[in-house]
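What follows is a short report on a single structure.
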Amino acid sequence: VQAQAQAWQTAAGGGYILAESSQRALTDGDVSGMSYDDMQMAINEIYARHGRKFGSSGIQSYFESQPWYQGSVEPEQFDESVFSYTEQQNIQFLLQKMGVQ
């Protein structure tokens with residue numbers, strides 16, 4: 001996981017995996033070429049924007065390395081009602097692309 005987190009760090013340029021995923025609906029073009037793991041991290045990024053912490057040390061350390069991340073909510077205390085409609089739709093879109101739904 002740590003090596004994969006470092007790959008995301010490089011690919012994202014130290015910023016966001018999908019920078020606009022909280023602002024507009026994602027398209028097929030946005031996720032073209034992304035792996036299952038990349039899309040999972042893009043979902044995690046939506047959660048991370050709302051301060052969610054992660055149980056996986058590799059994922060947690062990746063987000064802690066991001067200048068925008070403010071991890072303050074334990075996973076079991078996180079409330080998905082904080083997501084905007086756009087974020088909810090993008091999570092569902094990514095899950096569909098991953099073949100989960």
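In the structure tokens, chains take letters A, B, ... by order of appearance, with residues numbered from 1 within each chain and ligands from 1 in the order shown.
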
Self-check item: Nearby residues (only C-alpha atoms) at most 10 Å from Glu64 in chain A, same-chain spacing under 6 positions excluded, as number ranges by chain
Solution: A: 48, 53, 58, 70-71

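Among A:Gly99, A:Pro75, A:Pro67, A:Gly33, the residue with the shortest atom-to-atom distance to Arg52 in chain A, counting only C-alpha atoms, is A:Pro75.
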
The residue from A:Tyr36, A:Glu87, A:Ser81, A:Ser65 with the smallest atom-to-atom distance to Ala19 in chain A, counting only C-alpha atoms, is A:Glu87

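Ranking A:Asp28, A:Phe78, A:Phe83, A:Gln66 by their shortest atom-to-atom distance to Gln96 in chain A, with only C-alpha atoms included, puts A:Asp28 first.
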
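In this comparison, which uses only C-alpha atoms, the residue of A:Met39, A:Ile59, A:Ile46, A:Val100 approaching Gln23 in chain A most closely is A:Ile46.
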
Atom pair CA of Ser57 in chain A + CA of Leu18 in chain A, distance 21.3 Å

- request: Apply DSSP to the structure's backbone, then extract all residues of chain A labelled helix (DSSP H, G or I) and return them as a PyMOL selection string.
  value: chain A and resi 2-12+28-31+36-49+57-64+75-77+80-82+85-97

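Using only C-alpha atoms, the contacts of Ala42 in chain A at a cut-off of 9 Å, with sequence neighbours closer than 5 positions omitted, comprise Tyr16, Ile17, Leu18, Ser21, Asp37, Tyr47, Ile91 and Leu94 of chain A.
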
Counting only C-alpha atoms, the residue among A:His50, A:Asn44, A:Thr86, A:Tyr62 that lies closest to Ala25 in chain A is A:Thr86

Taken to one decimal, the CA of Gly55 in chain A-CA of Ser84 in chain A distance is 23.6 Å

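Across the model, the gap from CA of Ser72 in chain A to CA of Arg49 in chain A is 10.5 Å.
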
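Nearest residue to Gln88 in chain A, choosing from A:Val31, A:Leu26, A:Val73, A:Met41 and counting only C-alpha atoms: A:Leu26.
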